[in-house]
Amino acid sequence: MLLATVCGLMAMNSVQAQTLKLNLDKADRSVSPTLYGLMTEEINYSYEGGLISQLLRDPAMRELQEIPRGQGQRTRQRTTPKPRSWVPTDTLNATCRIANNQFVINNSPTQVENTRFTKHNSLVVETKKDGEGVVNNGFWGIAVTHDTKYTGSLHVKGACQMTVGLKAQDGTVFASQTINVSGNDWQKKDFTLSVGVNPKEKVNGEFFVTFAKAGKYEIAYANLFPPSKNCTKYTCLRDDIMDMMAEMHPTFLRFPGGNYVEGNRFNERFDWKRTIGPLTDRPGHQSPWGYWSTDAMGLLEFLTWAENIGAEPILGVFAGYVLQGDYVEGDALEPFIKDALDEIEYVIGGPETKWGARRIKDGHPQPFKLNYVEIGNEDFFDRSGSYPHRFQQFYKAIKAKYPQLQIISTIGEKELRSGADNPDAVKVDVIDEHYYRKTEGMYKAAQQYDSYDRNGLKIFCGEWASREGGPTTNMNAALGDAAWMTCMERNSDILIAQCYAPLFVNVSKVPGDNRYVGMQWESDLIGYDAFSAYGSPSYYAQCMFSKYLGNKVVPIEASDVPNMHYGNGELPQLYYVATRDTETETIYLKVVNGGSTEVNFTLNVQGGKIKTSKSEKITLKSAKPEDTNSIDNPKNIVPQTSKLKVKNGGKIAVAPYSINVYVIK
């Protein structure tokens with residue numbers, strides 16, 4: 001009986017004449033030119049300890065040690081503020097503490113509409129022994145690499161001879177520089193740390209500051225950067241991660257979030273005016289995911305990030321609602337609308353405008369490209385029902401000044417109209433939809449957009465993911481992702497853009513702790529630590545789908561597609577989409593096999609010819625759906641390219657657990 005069942009399944013999957021017919025003569029739907037992009041927010045140490053190449057944690061001395069649970073408010077008030085990331089070189093002979101608002105920068109730039117701050121925290125270091133000081137080990141280690149020149153600066157107070165450098169945790173010094181400080185005023189000191197031939201391999205190191213004589217000293221705003229080709233006037237980004245994103249061929253970058261645009265409280269929102277200019281002019285703020293954001297990833301850095309990877313911005317603006325549920329509307333919303341208009345002016349304004357001139361001063365003479373502005377983020381969580389009113393206020397004001405921009409709502413058209421005083425007067429250009437599902441849910445939704453009104457509103461799928469695997473996704477999630485992308489690509493006449501989330505996760509661990517200490521949300525696209533970065537199987541699926549894309553959707557007629565057992569039922573085993581480049585006449589056929597058996601299908605092409613000698617196949621596959629990549633095994637699952645011999649009416653074999661792109665000339 002069991003043998004008969006197995007044979008029956010084999011017959012179902014291999015004997016039936018599965019056929020995919022590509023109707024090139026009916027390819028009249030256009031592919032959105034902004035279909036594949038990136039979404040980002042500060043989560044999982046995405047910027048701090050991630051994309052920002054700043055090697056020191058807490059350069060502005062604003063992160064304090066957590067007080068252990070069980071200690072009450074009285075203890076909290078009496079406790080001397082201790083830094084989170086700066087520790088004494090010798091706890092018997094040195095101490096350090098935070099001094100609030102003691103450091104004043106000389107010749108600080110003019111304050112921007114009173115949002116700047118000029119008083120900073122400092123680190124008070126007291127040593128009882130010559131040669132002691134403090135160390136900073138960055139974000140779970142500083143990657144010290146041979147033949148590398150690191151540049152940095154710090155502010156110091158107190159006449160002394162001090163030494164800064166990089167060393168291993170066993171005390172081996174790889175690079176150092178001695179600095180003389182005279183007088184008792186604050187002084188900025190620049191330094192260069194040149195690491196030679198040692199270490200031969202990357203070492204988990206730390207940065208140190210020591211003082212030649214015992215005494216009391218103060219340090220403020222310290223920076224340390226490795227070399228980078230991705231820099232603004234003020235901040236640099238990690239080259240390896242930037243290169244990985246460029247491989248995804250993104251057409252847009254949605255920023256600054258996500259929950260990061262809102263914050264838990266009004267004073268913790270992404271206040272863009274506090275994120276431009278010199279790093280010492282950026283106060284920082286608490287991120288909604290439980291750690292400190294220095295704002296080194298400011299508005300200009302986001303814009304330059306997009307530009308450097310060939311993408312345009314999709315700009316999210318704060319819309320008067322925060323995650324704890326507080327909100328403003330009516331006249332109280334007007335200052336935030338003005339902030340949004342000023343922000344847009346910074347992005348695209350000319351030299352004759354206030355904020356365009358400020359962007360030029362910050363080092364970017366030309367306006368950035370901007371077509372889309374999103375009002376808020378996930379306002380379906382706003383239980384007050386205020387979003388329809390808030391959205392219309394923003395929509396009216398932005399369209400009055402920038403009629404060329406498309407405005408994105410974070411709730412659906414029906415919800416917008418039901419909450420409006422005059423539903424017929426509601427105007428909206430694009431709706432943002434978010435979906436986080438298991439792989440099975442993605443398979444079941446793989447025809448979702450097929451039934452959408454072709455004359456309705458345009459759709460932006462601004463966050464989505466198959467949530468399986470951690471800290472980054474496994475192959476099963478990649479299969480679900482790819483099935484969902486076939487749906488979005490097939491319907492890209494109405495779905496203008498889509499982006500996976502979250503994009504990043506810091507996968508560092510500390511000795512004796514098996515947790516990923518930098519992770520708040522698992523099933524992410526790109527993982528990294530201080531030393532290197534890697535892509536998940538889902539990352540490679542994204543690269544494949546975005547790289548191989550035509551400008552017209554090719555309708556496919558499928559027959560006898562087999563089913564696979566999944567969960568408690570059955571689902572289709574194959575998911576597919578095809579597009580055509582009308583200039584080169586190249587066909588890009590994408591086929592996903594979510595099952596454990598090989599599937600053979602016959603390819604029929606209607607309305608065109610196939611040049612078999614120039615075709616190729618790109619395949620991402622694994623032996624088991626739970627297989628994945630990791631920081632220690634980053635290339636376990638990667639795409640493989642081979643020649644494809646195919647003709648009209650020929651057969652193509654699709655491996656189990658595989659994502660395939662057939663480039664047919």
# chains A, B, ... in the order shown; residues from 1 in each chain; ligands from 1
$ residues_around --residues "range 601-604 of chain A" --least-positions-apart "6" --cutoff "6 Å" --atoms "only C-alpha atoms" --output "ChimeraX atom specification"
/A:18-21,648-652
$ residues_around --residues "range 417-433 of chain A" --least-positions-apart "4" --cutoff "10 Å" --atoms "only C-alpha atoms" --output "PyMOL selection string"
chain A and resi 372-374+377-378+385-392+395-396+405-413+456-464+494-498
$ closest_residue --among "A:Leu51, A:Ile314, A:Leu166, A:Ala530" --to "Cys231 in chain A" --atoms "only C-alpha atoms"
A:Leu51
$ residues_around --residues "Arg238 in chain A" --least-positions-apart "6" --cutoff "8 Å" --atoms "only C-alpha atoms" --output "list in words"
Gly50, Leu51, Ile52, Ser53, Ser228 and Asn230 of chain A
$ closest_residue --among "A:Lys202, A:Leu224, A:Leu549, A:Pro656" --to "Lys149 in chain A" --atoms "only C-alpha atoms"
A:Leu224
$ select_by_dssp --residues "range 533-660 of chain A" --states "strand (DSSP E or B)" --output "PyMOL selection string"
chain A and resi 533-535+552-554+556-559+563-566+569-572+574-581+586-593+599-606+616-621+628+640-643+651-654+658-660
$ write_last_selection --atoms "C-alpha atoms" --output "mmCIF file, in the first residue's frame"
data_model
loop_
_atom_site.group_PDB
_atom_site.id
_atom_site.type_symbol
_atom_site.label_atom_id
_atom_site.label_comp_id
_atom_site.auth_asym_id
_atom_site.auth_seq_id
_atom_site.Cartn_x
_atom_site.Cartn_y
_atom_site.Cartn_z
ATOM 1 C CA ALA A 533 28.796 40.410 6.350
ATOM 2 C CA TYR A 534 26.839 37.679 4.579
ATOM 3 C CA GLY A 535 23.601 37.232 2.693
ATOM 4 C CA LYS A 552 6.806 43.918 -19.995
ATOM 5 C CA VAL A 553 4.932 41.178 -18.117
ATOM 6 C CA VAL A 554 4.489 38.043 -20.212
ATOM 7 C CA ILE A 556 1.705 32.484 -18.772
ATOM 8 C CA GLU A 557 -0.800 29.728 -19.358
ATOM 9 C CA ALA A 558 -0.003 26.735 -17.139
ATOM 10 C CA SER A 559 -1.454 23.257 -17.379
ATOM 11 C CA ASN A 563 0.523 19.912 -6.034
ATOM 12 C CA MET A 564 2.693 19.296 -2.984
ATOM 13 C CA HIS A 565 1.729 18.308 0.534
ATOM 14 C CA TYR A 566 2.249 21.267 2.852
ATOM 15 C CA GLY A 569 -3.221 20.284 3.011
ATOM 16 C CA GLU A 570 -1.961 20.667 -0.514
ATOM 17 C CA LEU A 571 -0.587 23.656 -2.357
ATOM 18 C CA PRO A 572 0.720 24.206 -5.890
ATOM 19 C CA LEU A 574 5.397 25.568 -8.841
ATOM 20 C CA TYR A 575 5.169 29.384 -8.794
ATOM 21 C CA TYR A 576 6.207 31.372 -11.837
ATOM 22 C CA VAL A 577 6.361 34.706 -13.643
ATOM 23 C CA ALA A 578 7.891 35.929 -16.886
ATOM 24 C CA THR A 579 8.925 39.336 -18.189
ATOM 25 C CA ARG A 580 10.429 40.441 -21.475
ATOM 26 C CA ASP A 581 12.958 43.131 -22.363
ATOM 27 C CA THR A 586 15.323 38.636 -23.775
ATOM 28 C CA ILE A 587 12.798 36.602 -21.771
ATOM 29 C CA TYR A 588 13.246 36.202 -18.011
ATOM 30 C CA LEU A 589 11.269 33.218 -16.771
ATOM 31 C CA LYS A 590 11.291 32.652 -13.001
ATOM 32 C CA VAL A 591 10.115 29.342 -11.562
ATOM 33 C CA VAL A 592 9.992 28.346 -7.887
ATOM 34 C CA ASN A 593 9.741 24.708 -6.842
ATOM 35 C CA VAL A 599 9.320 18.769 -11.711
ATOM 36 C CA ASN A 600 9.658 18.652 -15.502
ATOM 37 C CA PHE A 601 7.667 21.060 -17.642
ATOM 38 C CA THR A 602 7.359 21.730 -21.340
ATOM 39 C CA LEU A 603 8.144 25.292 -22.413
ATOM 40 C CA ASN A 604 6.000 26.714 -25.176
ATOM 41 C CA VAL A 605 6.655 30.219 -26.501
ATOM 42 C CA GLN A 606 3.929 31.959 -28.478
ATOM 43 C CA GLU A 616 21.372 30.431 -19.366
ATOM 44 C CA LYS A 617 19.950 29.299 -16.030
ATOM 45 C CA ILE A 618 20.574 30.743 -12.563
ATOM 46 C CA THR A 619 19.551 28.445 -9.699
ATOM 47 C CA LEU A 620 19.415 28.815 -5.923
ATOM 48 C CA LYS A 621 18.727 25.517 -4.199
ATOM 49 C CA THR A 628 20.809 28.351 5.521
ATOM 50 C CA GLN A 640 24.794 28.898 -9.565
ATOM 51 C CA THR A 641 24.834 29.859 -13.257
ATOM 52 C CA SER A 642 24.907 27.355 -16.104
ATOM 53 C CA LYS A 643 24.166 27.220 -19.811
ATOM 54 C CA LYS A 651 11.475 20.206 -21.518
ATOM 55 C CA ILE A 652 13.023 21.898 -18.496
ATOM 56 C CA ALA A 653 13.758 20.122 -15.209
ATOM 57 C CA VAL A 654 13.206 22.107 -12.000
ATOM 58 C CA SER A 658 14.884 25.640 -5.835
ATOM 59 C CA ILE A 659 14.480 29.159 -7.198
ATOM 60 C CA ASN A 660 15.301 29.426 -10.901
#
